[in-house]
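For reference, work.tsv is printed below; it contains TSV, C-alpha atoms.
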chain	number	residue	atom	x	y	z
E	716	MET	CA	-113.87	48.75	13.69
E	717	LEU	CA	-113.86	50.69	10.41
E	718	GLY	CA	-111.22	53.38	10.38
E	719	GLU	CA	-109.54	52.35	13.62
E	720	VAL	CA	-107.65	49.17	12.74
E	721	PHE	CA	-106.35	48.23	9.29
E	722	LEU	CA	-108.82	45.52	8.33
E	723	LEU	CA	-107.44	42.23	7.10
E	724	GLY	CA	-109.70	39.82	5.30
E	725	LEU	CA	-110.39	37.80	2.21
E	726	ASN	CA	-112.89	37.09	-0.52
E	727	TYR	CA	-114.65	33.76	-0.19
E	728	TRP	CA	-116.09	31.05	-2.39
E	729	PRO	CA	-116.01	27.43	-1.13
E	730	ARG	CA	-113.13	25.52	-2.70
E	731	ARG	CA	-115.29	22.55	-3.75
E	732	LYS	CA	-118.34	24.51	-4.88
E	733	ALA	CA	-117.06	27.81	-6.29
E	734	MET	CA	-119.97	29.85	-7.72
E	735	TYR	CA	-122.36	26.92	-7.29
E	736	TRP	CA	-122.35	26.97	-3.48
E	737	TRP	CA	-125.83	28.40	-3.01
E	738	LYS	CA	-127.34	25.78	-5.32
E	739	GLU	CA	-125.46	23.01	-3.47
E	740	PHE	CA	-125.35	24.64	-0.04
E	741	ASP	CA	-123.53	22.68	2.66
E	742	GLU	CA	-123.45	24.36	6.06
E	743	GLY	CA	-120.84	21.91	7.35
E	744	GLU	CA	-118.51	22.80	4.49
E	745	VAL	CA	-118.81	26.51	5.25
E	746	GLU	CA	-118.14	25.91	8.94
E	747	GLU	CA	-115.04	23.87	8.15
E	748	GLU	CA	-113.71	26.59	5.86
E	749	PHE	CA	-114.58	29.50	8.17
E	750	LYS	CA	-112.44	27.78	10.80
E	751	GLU	CA	-109.58	27.87	8.30
E	752	VAL	CA	-110.28	31.51	7.49
E	753	ARG	CA	-110.08	32.46	11.17
E	754	SER	CA	-106.88	30.46	11.64
E	755	LEU	CA	-105.27	32.58	8.92
E	756	GLY	CA	-105.88	35.67	11.05
E	757	ALA	CA	-108.57	37.11	8.78
E	758	GLU	CA	-111.13	39.38	10.41
E	759	VAL	CA	-113.43	40.08	7.46
E	760	VAL	CA	-115.00	37.82	4.83
E	761	ARG	CA	-116.46	39.27	1.66
E	762	PHE	CA	-118.81	36.85	-0.07
E	763	PHE	CA	-121.29	36.95	-2.92
E	764	LEU	CA	-125.02	36.46	-3.44
E	765	LEU	CA	-125.30	35.03	-6.93
E	766	TRP	CA	-128.27	36.87	-8.37
E	767	GLU	CA	-130.29	33.98	-9.84
E	768	ASP	CA	-129.97	31.98	-6.61
E	769	PHE	CA	-131.47	34.75	-4.50
E	770	GLN	CA	-133.98	36.19	-6.96
E	771	PRO	CA	-135.40	33.43	-9.18
E	772	ARG	CA	-138.14	35.82	-10.34
E	773	PRO	CA	-138.10	39.61	-10.40
E	774	ASP	CA	-140.79	39.81	-7.70
E	775	VAL	CA	-139.47	37.00	-5.46
E	776	VAL	CA	-136.51	36.75	-3.09
E	777	ASP	CA	-135.98	33.08	-2.31
E	778	ASP	CA	-136.70	32.10	1.32
E	779	GLY	CA	-134.37	29.11	1.13
E	780	ALA	CA	-131.48	31.30	-0.04
E	781	LEU	CA	-132.17	33.76	2.80
E	782	ALA	CA	-132.08	30.87	5.29
E	783	ASN	CA	-128.73	29.76	3.89
E	784	LEU	CA	-127.44	33.32	4.12
E	785	GLU	CA	-128.51	33.43	7.77
E	786	ALA	CA	-126.57	30.21	8.38
E	787	VAL	CA	-123.45	31.77	6.82
E	788	LEU	CA	-123.77	34.90	8.95
E	789	ASP	CA	-124.32	32.84	12.08
E	790	LEU	CA	-121.19	30.78	11.36
E	791	ALA	CA	-119.17	33.94	10.74
E	792	HIS	CA	-120.27	35.33	14.10
E	793	ARG	CA	-119.46	32.03	15.82
E	794	TYR	CA	-115.88	32.23	14.56
E	795	GLY	CA	-115.38	35.92	15.23
E	796	LEU	CA	-115.60	37.05	11.61
E	797	LYS	CA	-117.24	40.16	10.23
E	798	THR	CA	-118.79	39.94	6.79
E	799	MET	CA	-119.30	42.06	3.70
E	800	PRO	CA	-122.12	40.46	1.68
E	801	THR	CA	-122.08	41.51	-1.97
E	802	LEU	CA	-125.67	41.75	-3.10
E	803	LEU	CA	-126.14	41.93	-6.88
E	804	VAL	CA	-123.73	39.42	-8.44
E	805	GLY	CA	-123.49	39.84	-11.43
E	806	HIS	CA	-119.97	39.80	-12.75
E	807	MET	CA	-117.67	37.21	-11.21
E	808	SER	CA	-114.37	35.58	-12.20
E	809	GLY	CA	-114.41	36.60	-15.84
E	810	ALA	CA	-118.05	35.73	-16.50
E	811	ASN	CA	-121.46	37.35	-16.11
E	812	TRP	CA	-124.12	35.46	-14.17
E	813	VAL	CA	-127.61	36.57	-15.17
E	814	PRO	CA	-131.04	35.31	-14.05
E	815	GLU	CA	-133.08	34.07	-17.01
E	816	TRP	CA	-135.69	36.78	-16.45
E	817	ALA	CA	-133.00	39.47	-16.75
E	818	LEU	CA	-131.54	38.37	-20.09
E	819	ASP	CA	-131.67	40.75	-23.05
E	820	GLU	CA	-131.60	39.05	-26.45
E	821	ALA	CA	-130.61	42.34	-28.10
E	822	HIS	CA	-127.57	42.91	-25.88
E	823	ARG	CA	-124.20	41.21	-26.24
E	824	SER	CA	-121.69	40.98	-23.43
E	825	PRO	CA	-117.88	41.06	-23.85
E	826	TYR	CA	-117.77	38.34	-21.18
E	827	PRO	CA	-119.27	34.84	-21.27
E	828	VAL	CA	-122.82	34.90	-19.87
E	829	ILE	CA	-124.02	32.07	-17.64
E	830	SER	CA	-127.69	31.57	-16.82
E	831	GLY	CA	-129.10	28.48	-15.15
E	832	GLY	CA	-125.66	26.87	-15.22
E	833	LYS	CA	-125.35	27.18	-19.02
E	834	LEU	CA	-123.58	29.55	-21.38
E	835	VAL	CA	-126.09	31.72	-23.25
E	836	PRO	CA	-125.60	34.14	-26.18
E	837	TYR	CA	-127.34	37.12	-24.56
E	838	GLY	CA	-126.44	39.94	-22.23
E	839	VAL	CA	-128.31	41.54	-19.36
E	840	ARG	CA	-131.10	44.10	-19.52
E	841	ASP	CA	-130.26	47.67	-18.56
E	842	ILE	CA	-129.75	47.35	-14.82
E	843	TYR	CA	-129.26	51.11	-14.42
E	844	GLU	CA	-132.32	52.61	-16.15
E	845	ASP	CA	-134.88	49.91	-16.99
E	846	PRO	CA	-137.70	50.61	-14.47
E	847	ALA	CA	-138.63	46.93	-14.09
E	848	MET	CA	-135.00	45.96	-13.48
E	849	LEU	CA	-134.57	48.73	-10.92
E	850	GLU	CA	-137.68	47.61	-9.07
E	851	ALA	CA	-136.34	44.05	-8.90
E	852	GLU	CA	-132.93	45.25	-7.69
E	853	ARG	CA	-134.51	47.44	-5.02
E	854	LEU	CA	-136.54	44.47	-3.80
E	855	LEU	CA	-133.45	42.28	-3.45
E	856	VAL	CA	-131.21	44.77	-1.62
E	857	ARG	CA	-134.06	45.96	0.61
E	858	THR	CA	-135.09	42.43	1.55
E	859	VAL	CA	-131.59	41.25	2.41
E	860	ALA	CA	-130.61	44.41	4.29
E	861	SER	CA	-133.84	44.58	6.29
E	862	THR	CA	-133.73	40.88	7.18
E	863	PHE	CA	-130.18	41.07	8.53
E	864	SER	CA	-129.89	44.71	9.60
E	865	GLU	CA	-129.27	43.69	13.22
E	866	HIS	CA	-127.06	40.69	12.60
E	867	LEU	CA	-123.81	41.03	14.53
E	868	ALA	CA	-121.71	39.54	11.73
E	869	VAL	CA	-122.50	42.27	9.18
E	870	LEU	CA	-119.77	44.87	8.74
E	871	ALA	CA	-120.99	46.55	5.55
E	872	TRP	CA	-123.21	46.01	2.52
E	873	ASP	CA	-121.56	45.80	-0.89
E	874	LEU	CA	-123.93	46.74	-3.73
E	875	SER	CA	-122.22	44.74	-6.46
E	876	ASN	CA	-118.93	43.47	-7.86
E	877	GLU	CA	-117.27	45.29	-10.79
E	878	VAL	CA	-120.77	45.95	-12.08
E	879	ASP	CA	-119.63	47.85	-15.19
E	880	ASN	CA	-118.34	44.49	-16.47
E	881	LEU	CA	-121.91	43.21	-16.26
E	882	ARG	CA	-123.10	46.14	-18.33
E	883	VAL	CA	-121.60	49.59	-18.91
E	884	PRO	CA	-124.05	52.36	-17.98
E	885	ARG	CA	-125.25	54.73	-20.69
E	886	SER	CA	-123.74	57.72	-18.87
E	887	PRO	CA	-122.04	58.75	-15.61
E	888	GLU	CA	-125.35	60.28	-14.57
E	889	ALA	CA	-127.06	56.89	-14.93
E	890	ALA	CA	-124.36	55.21	-12.83
E	891	LYS	CA	-124.59	57.92	-10.19
E	892	ARG	CA	-128.41	57.66	-9.96
E	893	TRP	CA	-128.27	53.85	-9.79
E	894	CYS	CA	-125.74	53.88	-6.98
E	895	ALA	CA	-127.69	56.47	-4.97
E	896	LEU	CA	-131.00	54.65	-5.52
E	897	LEU	CA	-129.75	51.31	-4.20
E	898	ALA	CA	-127.63	52.81	-1.42
E	899	ASN	CA	-130.63	54.78	-0.15
E	900	GLU	CA	-132.84	51.69	-0.42
E	901	ILE	CA	-130.47	49.94	2.00
E	902	ARG	CA	-130.20	52.96	4.29
E	903	SER	CA	-133.97	53.17	4.53
E	904	VAL	CA	-134.07	49.78	6.28
E	905	ASP	CA	-130.58	49.68	7.80
E	906	PRO	CA	-129.06	53.05	8.74
E	907	ASN	CA	-126.34	51.47	10.86
E	908	HIS	CA	-124.15	49.65	8.33
E	909	PRO	CA	-122.11	51.43	5.66
E	910	VAL	CA	-122.75	50.85	1.96
E	911	THR	CA	-119.91	50.27	-0.48
E	912	LEU	CA	-119.48	49.15	-4.09
E	913	GLY	CA	-116.82	46.83	-5.52
E	914	LEU	CA	-115.10	49.26	-7.89
E	915	HIS	CA	-112.02	48.19	-9.83
E	916	GLN	CA	-108.97	49.61	-11.57
E	917	GLU	CA	-110.81	49.96	-14.90
E	918	ASP	CA	-112.94	52.63	-13.21
E	919	LEU	CA	-109.71	54.62	-12.85
E	920	GLU	CA	-108.11	53.64	-16.17
E	921	PHE	CA	-111.15	54.46	-18.34
E	922	ASP	CA	-114.43	56.32	-18.25
E	923	LYS	CA	-116.85	53.40	-17.84
E	924	GLY	CA	-119.47	55.59	-16.21
E	925	PHE	CA	-118.44	55.10	-12.59
E	926	HIS	CA	-116.68	58.31	-11.60
E	927	VAL	CA	-115.45	57.33	-8.17
E	928	HIS	CA	-115.67	60.82	-6.66
E	929	GLU	CA	-119.34	61.24	-7.63
E	930	LEU	CA	-120.78	58.06	-6.11
E	931	ASP	CA	-123.01	58.12	-3.04
E	932	LEU	CA	-121.13	55.59	-0.91
E	933	ASP	CA	-120.38	55.46	2.80
E	934	MET	CA	-117.12	53.63	2.13
E	935	VAL	CA	-115.12	53.51	-1.11
E	936	SER	CA	-113.59	50.20	-2.18
E	937	MET	CA	-111.09	49.44	-4.95
E	938	HIS	CA	-109.72	46.32	-6.69
E	939	GLY	CA	-106.41	46.06	-8.52
E	940	TYR	CA	-104.06	43.59	-10.18
E	941	PRO	CA	-100.77	44.63	-11.83
E	942	MET	CA	-100.92	41.61	-14.15
E	943	VAL	CA	-103.73	43.39	-16.03
E	944	ALA	CA	-102.27	46.91	-15.68
E	945	PRO	CA	-100.12	47.81	-18.74
E	946	TRP	CA	-99.01	50.99	-16.95
E	947	ALA	CA	-97.46	49.01	-14.05
E	948	GLU	CA	-93.79	48.08	-13.89
E	949	GLY	CA	-94.43	44.43	-14.63
E	950	PRO	CA	-96.98	41.87	-13.39
E	951	LEU	CA	-95.41	41.73	-9.92
E	952	ASP	CA	-95.18	45.49	-9.37
E	953	THR	CA	-95.89	45.80	-5.64
E	954	ASP	CA	-96.34	49.58	-5.91
E	955	ALA	CA	-99.32	49.28	-8.28
E	956	VAL	CA	-101.95	48.32	-5.69
E	957	PRO	CA	-100.84	50.90	-3.08
E	958	PHE	CA	-100.84	53.51	-5.84
E	959	LEU	CA	-104.41	52.66	-6.86
E	960	ASN	CA	-105.44	53.03	-3.22
E	961	THR	CA	-103.68	56.40	-2.98
E	962	LEU	CA	-105.11	57.65	-6.29
E	963	THR	CA	-108.65	56.68	-5.25
E	964	GLU	CA	-108.17	58.45	-1.92
E	965	ALA	CA	-106.99	61.57	-3.76
E	966	LEU	CA	-110.10	61.52	-5.95
E	967	VAL	CA	-112.68	60.88	-3.21
E	968	GLY	CA	-111.00	62.79	-0.40
E	969	ARG	CA	-111.16	60.03	2.22
E	970	PRO	CA	-109.52	56.70	3.10
E	971	VAL	CA	-110.19	53.69	0.89
E	972	LEU	CA	-110.59	49.96	1.48
E	973	PHE	CA	-108.59	47.80	-0.92
E	974	GLN	CA	-111.20	45.13	-1.39
E	975	GLU	CA	-109.38	42.80	-3.82
E	976	PHE	CA	-105.74	42.07	-4.55
E	977	GLY	CA	-103.78	38.92	-5.28
E	978	LEU	CA	-102.31	36.75	-8.01
E	979	PRO	CA	-102.54	33.16	-9.30
E	980	THR	CA	-99.81	30.60	-8.66
E	981	ALA	CA	-98.27	27.64	-10.40
E	982	PRO	CA	-98.07	24.27	-8.63
E	983	PRO	CA	-95.55	23.98	-5.74
E	984	GLY	CA	-91.97	23.96	-6.95
E	985	GLU	CA	-92.77	25.27	-10.41
E	986	GLY	CA	-91.69	28.65	-11.79
E	987	ARG	CA	-93.60	31.41	-13.46
E	988	VAL	CA	-95.36	30.46	-16.69
E	989	GLU	CA	-97.30	32.50	-19.23
E	990	ILE	CA	-100.69	30.89	-19.84
E	991	GLY	CA	-102.04	33.11	-22.58
E	992	ARG	CA	-103.17	36.55	-23.57
E	993	ALA	CA	-106.50	38.28	-23.10
E	994	LYS	CA	-108.38	41.34	-24.25
E	995	ILE	CA	-109.76	42.99	-21.12
E	996	TYR	CA	-111.88	45.98	-22.04
E	997	LYS	CA	-109.40	48.15	-24.01
E	998	LYS	CA	-106.27	46.39	-22.77
E	999	ASP	CA	-104.25	43.55	-24.27
E	1000	VAL	CA	-102.61	41.70	-21.40
E	1001	ARG	CA	-100.48	38.63	-20.76
E	1002	LEU	CA	-101.67	36.16	-18.15
E	1003	TYR	CA	-99.34	34.23	-15.85
E	1004	LEU	CA	-99.18	31.72	-13.09
E	1005	PHE	CA	-96.47	32.86	-10.68
E	1006	SER	CA	-94.21	30.76	-8.53
E	1007	GLU	CA	-95.50	30.38	-4.99
E	1008	GLU	CA	-92.35	32.07	-3.72
E	1009	GLU	CA	-92.92	35.12	-5.94
E	1010	ALA	CA	-96.50	35.29	-4.70
E	1011	GLY	CA	-95.40	35.12	-1.06
E	1012	ARG	CA	-93.03	38.07	-1.52
E	1013	TYR	CA	-95.70	40.00	-3.41
E	1014	TYR	CA	-98.23	39.59	-0.58
E	1015	GLU	CA	-95.72	40.56	2.07
E	1016	GLU	CA	-94.77	43.80	0.34
E	1017	VAL	CA	-98.26	44.85	-0.78
E	1018	LEU	CA	-99.76	44.41	2.69
E	1019	VAL	CA	-97.01	46.48	4.31
E	1020	LYS	CA	-97.32	49.24	1.72
E	1021	LEU	CA	-101.10	49.44	1.88
E	1022	HIS	CA	-100.89	49.81	5.64
E	1023	ARG	CA	-98.14	52.45	5.53
E	1024	LEU	CA	-99.95	54.44	2.86
E	1025	GLY	CA	-103.15	54.85	4.85
E	1026	SER	CA	-105.51	52.22	3.44
E	1027	LEU	CA	-108.49	51.18	5.57
E	1028	GLY	CA	-107.55	47.55	4.96
E	1029	ALA	CA	-106.95	44.78	2.45
E	1030	LEU	CA	-109.02	41.78	1.39
E	1031	ALA	CA	-107.12	39.02	-0.40
E	1032	TRP	CA	-108.42	37.45	-3.56
E	1033	CYS	CA	-109.08	34.82	-2.40
E	1034	PHE	CA	-109.52	32.12	0.26
E	1035	SER	CA	-108.52	28.96	-1.61
E	1036	ASP	CA	-107.57	27.43	-4.91
E	1037	TYR	CA	-110.53	25.55	-6.35
E	1038	ASP	CA	-110.75	21.80	-6.15
E	1039	PRO	CA	-110.31	20.06	-9.55
E	1040	CYS	CA	-113.89	18.78	-9.19
E	1041	VAL	CA	-115.15	22.22	-10.31
E	1042	TRP	CA	-112.58	22.94	-13.04
E	1043	GLN	CA	-114.90	21.66	-15.76
E	1044	LYS	CA	-117.72	24.04	-14.79
E	1045	PRO	CA	-117.98	27.57	-16.14
E	1046	PRO	CA	-116.14	29.87	-15.70
E	1047	LEU	CA	-113.24	27.74	-14.40
E	1048	ASP	CA	-113.29	25.56	-17.51
E	1049	ARG	CA	-111.96	28.53	-19.50
E	1050	ASN	CA	-110.46	30.82	-16.87
E	1051	VAL	CA	-107.41	28.81	-15.80
E	1052	ALA	CA	-105.82	31.57	-13.73
E	1053	GLU	CA	-108.93	31.89	-11.56
E	1054	ARG	CA	-108.42	28.34	-10.29
E	1055	PHE	CA	-105.24	29.28	-8.42
E	1056	PHE	CA	-105.63	32.64	-6.60
E	1057	GLY	CA	-106.03	31.08	-3.14
E	1058	LEU	CA	-104.09	31.71	0.05
E	1059	THR	CA	-104.45	27.96	0.49
E	1060	ARG	CA	-104.16	25.14	-2.04
E	1061	SER	CA	-107.16	23.04	-2.98
E	1062	ASP	CA	-106.10	20.41	-0.41
E	1063	GLY	CA	-106.17	23.03	2.36
E	1064	SER	CA	-102.40	23.37	2.76
E	1065	LEU	CA	-101.02	26.87	3.17
E	1066	LYS	CA	-99.18	28.62	0.35
E	1067	PRO	CA	-96.31	31.06	1.01
E	1068	MET	CA	-98.71	33.93	0.39
E	1069	GLY	CA	-101.03	32.48	3.02
E	1070	GLU	CA	-98.07	32.35	5.38
E	1071	ALA	CA	-97.28	36.02	4.61
E	1072	PHE	CA	-100.93	36.93	5.25
E	1073	LYS	CA	-100.85	35.05	8.55
E	1074	ARG	CA	-97.65	36.81	9.69
E	1075	PHE	CA	-99.08	40.20	8.82
E	1076	ALA	CA	-102.25	39.43	10.79
E	1077	LYS	CA	-100.20	39.24	13.99
E	1078	LYS	CA	-98.84	42.79	13.64
E	1079	GLU	CA	-100.15	45.93	15.29
E	1080	ARG	CA	-102.22	47.63	12.57
E	1081	PRO	CA	-103.60	51.05	13.48
E	1082	VAL	CA	-104.99	52.92	10.46
E	1083	LEU	CA	-102.40	55.49	9.38
E	1084	ARG	CA	-102.73	58.71	7.40
E	1085	CYS	CA	-101.52	58.56	3.82
E	1086	PRO	CA	-98.17	60.40	3.63
E	1087	ILE	CA	-98.50	61.00	-0.15
E	1088	LYS	CA	-100.95	63.58	-1.46
E	1089	LEU	CA	-101.67	63.42	-5.18
E	1090	GLU	CA	-103.15	66.54	-6.76
E	1091	MET	CA	-105.96	65.04	-8.82
E	1092	PRO	CA	-109.22	67.02	-9.03
E	1093	GLY	CA	-111.98	64.61	-9.99
E	1094	GLU	CA	-113.83	66.89	-12.41
E	1095	ASP	CA	-110.74	66.97	-14.66
E	1096	TYR	CA	-109.57	63.41	-14.12
E	1097	TYR	CA	-112.17	61.70	-16.31
E	1098	LEU	CA	-111.49	63.95	-19.31
E	1099	ARG	CA	-108.40	61.78	-19.97
E	1100	PRO	CA	-108.38	59.06	-17.29
E	1101	TYR	CA	-105.69	56.72	-18.64
E	1102	GLU	CA	-103.24	59.56	-19.30
E	1103	ASN	CA	-104.00	61.07	-15.89
E	1104	LEU	CA	-103.48	57.71	-14.18
E	1105	VAL	CA	-100.08	57.23	-15.85
E	1106	ALA	CA	-99.02	60.75	-14.89
E	1107	ALA	CA	-100.22	60.20	-11.32
E	1108	TYR	CA	-98.24	56.96	-11.12
E	1109	ARG	CA	-95.06	58.83	-12.10
E	1110	GLU	CA	-95.83	61.40	-9.40
E	1111	PHE	CA	-96.48	58.62	-6.88
E	1112	LYS	CA	-93.15	56.89	-7.64
E	1113	ARG	CA	-91.33	60.20	-7.36
E	1114	ALA	CA	-92.97	60.88	-3.99
E	1115	LEU	CA	-91.89	57.46	-2.74
E	1116	ARG	CA	-88.29	58.11	-3.73
E	1117	LEU	CA	-88.27	61.58	-2.19
E	1118	GLY	CA	-89.80	60.24	1.00
E	1119	CYS	CA	-87.13	57.60	1.32
E	1120	GLU	CA	-84.35	60.12	0.62
E	1121	HIS	CA	-85.81	62.38	3.32
E	1122	HIS	CA	-85.49	59.47	5.75
E	1123	ASN	CA	-81.90	58.74	4.58
E	1124	ASP	CA	-83.06	55.40	3.27
E	1125	ALA	CA	-82.60	53.80	-0.11
E	1126	TYR	CA	-85.56	53.27	-2.36
E	1127	VAL	CA	-85.49	49.77	-3.79
E	1128	PRO	CA	-87.92	49.39	-6.71
E	1129	GLY	CA	-90.74	47.15	-5.55
E	1130	LEU	CA	-89.93	47.59	-1.85
E	1131	MET	CA	-90.71	50.70	0.16
E	1132	THR	CA	-88.27	50.46	3.04
E	1133	CYS	CA	-88.71	53.91	4.56

Would you mind giving the structure from this file in structure tokens?
Amino acid sequence: MLGEVFLLGLNYWPRRKAMYWWKEFDEGEVEEEFKEVRSLGAEVVRFFLLWEDFQPRPDVVDDGALANLEAVLDLAHRYGLKTMPTLLVGHMSGANWVPEWALDEAHRSPYPVISGGKLVPYGVRDIYEDPAMLEAERLLVRTVASTFSEHLAVLAWDLSNEVDNLRVPRSPEAAKRWCALLANEIRSVDPNHPVTLGLHQEDLEFDKGFHVHELDLDMVSMHGYPMVAPWAEGPLDTDAVPFLNTLTEALVGRPVLFQEFGLPTAPPGEGRVEIGRAKIYKKDVRLYLFSEEEAGRYYEEVLVKLHRLGSLGALAWCFSDYDPCVWQKPPLDRNVAERFFGLTRSDGSLKPMGEAFKRFAKKERPVLRCPIKLEMPGEDYYLRPYENLVAAYREFKRALRLGCEHHNDAYVPGLMTC
């Protein structure tokens, strides 16, 4: 499946439970929503094992959580879905979720930290180099991977989600060792499923320790959102995500899965509205809710471009808007945009971007070779990553225009027609 057909999928949290679904697990709810997921034409579901729910103590992986995970995998298989379980979560939706035993009173996080359902003033212990933390992490990934190594619904194992937002490693060497340690822990019990890691655009914009070309991964994944990319040509720049895919491929020397893309929408019939500003790592960005029509066009163009530019596939962020019943819980109480990224609305009705996703799912989608080759040696890239990214984006845009001229076709900004 990997590398043959452009994979189409989505990221999943239940619309009425959000990040609390393992604590309030409802198998019937998951079945109902997996039916919806399949009706959209999705083939892959990426979902998340919230760390404290699966590892309540450093030496214990919870049997009840593993049983619930088995139920989710069984339902996915029943409805013809492959899955990408994300194991150490960690950072999610603008907050860091940390088991109580992993809190570090001396460390402060730039993101809100939630432990036991409450905001706490501490960060997480060093997940990359603290021997006790590493032993706990190895136990979790080894237990999950060995338990479900032969399950037919597993497509790949995802080590974590944007883990440098949980804590930045002390050095690239520490990040590299951590990735290899956990990847090899999984391979030791499951040599048949590839290992990936949910990297994101900040790992290309800045040196946060995760040098994408140095990581021991069987499959490289990337996340990107032009709304939080000051270098993009606006928050709806539909070339930004395909560019990030192409840049990552140039750095690692092989095709890339675009594991997260999307944008939040305003209520039906309403136009774009700015909802505030945020400091995200070293970037000052404006946050918006977009009209549903803008979002539909954005999805249509990004999916086509990712396919034409040789991506392994695309996973939408995300399945559904969240039901208002969870808006008062962290992180949705503060992160308004995160409430509205769904392909479907909270009542289950389909948004225009869900309709675009569904149309694209019906197309023939062989994996193509990327027609654009960026010259970007990895050992030099991280000397000045932001400047190199901006220069590479100029090169990428120039290559798009030249390609369209070669095909006697006009290049329309935001729409690659050749």

Please, which residues in region 964-1076 of chain E fall within 8 Å of region 913-934 of chain E when counting all atoms listed in the file, and what is the closest atom pair and distance in Å to one decimal for each, ordered by chain then residue number, as CSV?
residue,atom,partner,partner_atom,distance
E:Leu966,CA,E:His928,CA,5.7
E:Val967,CA,E:His928,CA,4.6
E:Val971,CA,E:Met934,CA,7.0
E:Leu972,CA,E:Met934,CA,7.5
E:Gln974,CA,E:Gly913,CA,7.2

For a quick check of understanding, using all atoms listed in the file, which of E:Asp768, E:Asp774, E:Glu746, E:Asp1062 has the smallest distance to Leu790 (chain E)? E:Glu746

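Atom pair CA of Pro800 (chain E) / CA of Phe762 (chain E) has a distance of 5.2 Å (rounded to one decimal).
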
Check the smallest atom-to-atom distance from each of E:Ala1106, E:Asp741, E:Pro887, E:Thr798 to Glu1094 (chain E) using all atoms listed in the file, then report the winner.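 Going through E:Ala1106, E:Asp741, E:Pro887, E:Thr798 one by one, the smallest distance to Glu1094 (chain E) is for E:Pro887.
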
Which residue of E:Pro982, E:Pro1100, E:Gly1028, E:Pro1067 approaches Val720 (chain E) most closely, using all atoms listed in the file: E:Gly1028

Return as JSON the box centre and box size in Å, one decimal, for an axis-aligned box around all listed atoms of region 891-895 of chain E padded by 3 Å per side.
{"center_x": -126.5, "center_y": 55.9, "center_z": -7.6, "size_x": 9.8, "size_y": 10.1, "size_z": 11.2}

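Minimum distance to Phe1075 (chain E) across E:Phe1055, E:Ala965, E:Ser875, E:Lys1020 (counting all atoms listed in the file) occurs at E:Lys1020.
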
Give the answer as one residue: which of E:Gly1011, E:Pro950, E:Pro825, E:Gly809 has the shortest atom-to-atom distance to Val839 (chain E), using only C-alpha atoms?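 Selected residue with least distance to Val839 (chain E): E:Pro825.
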
Could you please determine the separation between CA of Leu834 (chain E) and CA of Val878 (chain E) in Å, to one decimal place?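 Spanning CA of Leu834 (chain E) to CA of Val878 (chain E) is a straight-line distance of 19.1 Å.
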
Non-local contacts of Thr980 (chain E) (12 Å; only C-alpha atoms; under 4 positions in same chain excluded) as a PyMOL selection string: chain E and resi 984-990+1002-1011+1013+1033+1035-1036+1051-1061+1066-1069

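Among the candidate residues E:Leu781, E:Ile901, E:Val1082, E:Ala817, the one lying nearest to Leu722 (chain E) is E:Val1082, with distances computed using all atoms listed in the file.
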
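Note that CA of Asp879 (chain E) and CA of Lys738 (chain E) are 25.4 Å apart.
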
Taking 6 positions as the minimum chain separation for residues in the same chain, which residues sit within 12 Å of Pro1045 (chain E) when counting all atoms listed in the file? Answer as a list in words.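 Here the answer would be Lys732, Ala733, Met734, Tyr735, Met807, Ser808, Gly809, Ala810, Asn811, Trp812, Tyr826, Pro827, Val828, Ile829, Ser830, Gly831, Gly832, Lys833, Leu834, Val835, Val1051, Glu1053 and Arg1054 of chain E.
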
Please determine the residues with any atom at most 12 Å from (-124.9, 48.5, 6.1) (coordinates as given in the file, with only C-alpha atoms counting) and report them as a ChimeraX atom specification. /E:798-802,856-857,859-874,897-912,932-934

Please list as a PDB file with C-alpha atoms, in the coordinates of the input every residue within 12 Å of Glu719 (chain E), counting all atoms listed in the file and excluding residues in the same chain fewer than 4 positions away.
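Wrote result08.pdb, looks like this:
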ATOM      1  CA  PRO E 970    -109.520  56.700   3.100  1.00  0.00           C
ATOM      2  CA  GLY E1025    -103.150  54.850   4.850  1.00  0.00           C
ATOM      3  CA  SER E1026    -105.510  52.220   3.440  1.00  0.00           C
ATOM      4  CA  LEU E1027    -108.490  51.180   5.570  1.00  0.00           C
ATOM      5  CA  GLY E1028    -107.550  47.550   4.960  1.00  0.00           C
ATOM      6  CA  GLU E1079    -100.150  45.930  15.290  1.00  0.00           C
ATOM      7  CA  ARG E1080    -102.220  47.630  12.570  1.00  0.00           C
ATOM      8  CA  PRO E1081    -103.600  51.050  13.480  1.00  0.00           C
ATOM      9  CA  VAL E1082    -104.990  52.920  10.460  1.00  0.00           C
ATOM     10  CA  LEU E1083    -102.400  55.490   9.380  1.00  0.00           C
ATOM     11  CA  ARG E1084    -102.730  58.710   7.400  1.00  0.00           C
TER      12      ARG E1084
END

Close residues, Ala1031 (chain E) itself excluded, 9 Å, all atoms listed in the file, min 2 positions apart in chain, as a list in words: Leu723, Gly724, Leu725, Asn726, Phe973, Gln974, Glu975, Phe976, Gly977, Tyr1014, Ala1029, Cys1033, Phe1034, Gly1057, Leu1058 and Phe1072 of chain E

Output C-alpha atoms for every residue in the selection just made, as a short mmCIF file (atom, residue, chain, number, x, y, z; two decimals), in the frame of the given file.
data_model
loop_
_atom_site.label_atom_id
_atom_site.label_comp_id
_atom_site.auth_asym_id
_atom_site.auth_seq_id
_atom_site.Cartn_x
_atom_site.Cartn_y
_atom_site.Cartn_z
CA LEU E 723 -107.44 42.23 7.10
CA GLY E 724 -109.70 39.82 5.30
CA LEU E 725 -110.39 37.80 2.21
CA ASN E 726 -112.89 37.09 -0.52
CA PHE E 973 -108.59 47.80 -0.92
CA GLN E 974 -111.20 45.13 -1.39
CA GLU E 975 -109.38 42.80 -3.82
CA PHE E 976 -105.74 42.07 -4.55
CA GLY E 977 -103.78 38.92 -5.28
CA TYR E 1014 -98.23 39.59 -0.58
CA ALA E 1029 -106.95 44.78 2.45
CA CYS E 1033 -109.08 34.82 -2.40
CA PHE E 1034 -109.52 32.12 0.26
CA GLY E 1057 -106.03 31.08 -3.14
CA LEU E 1058 -104.09 31.71 0.05
CA PHE E 1072 -100.93 36.93 5.25
#
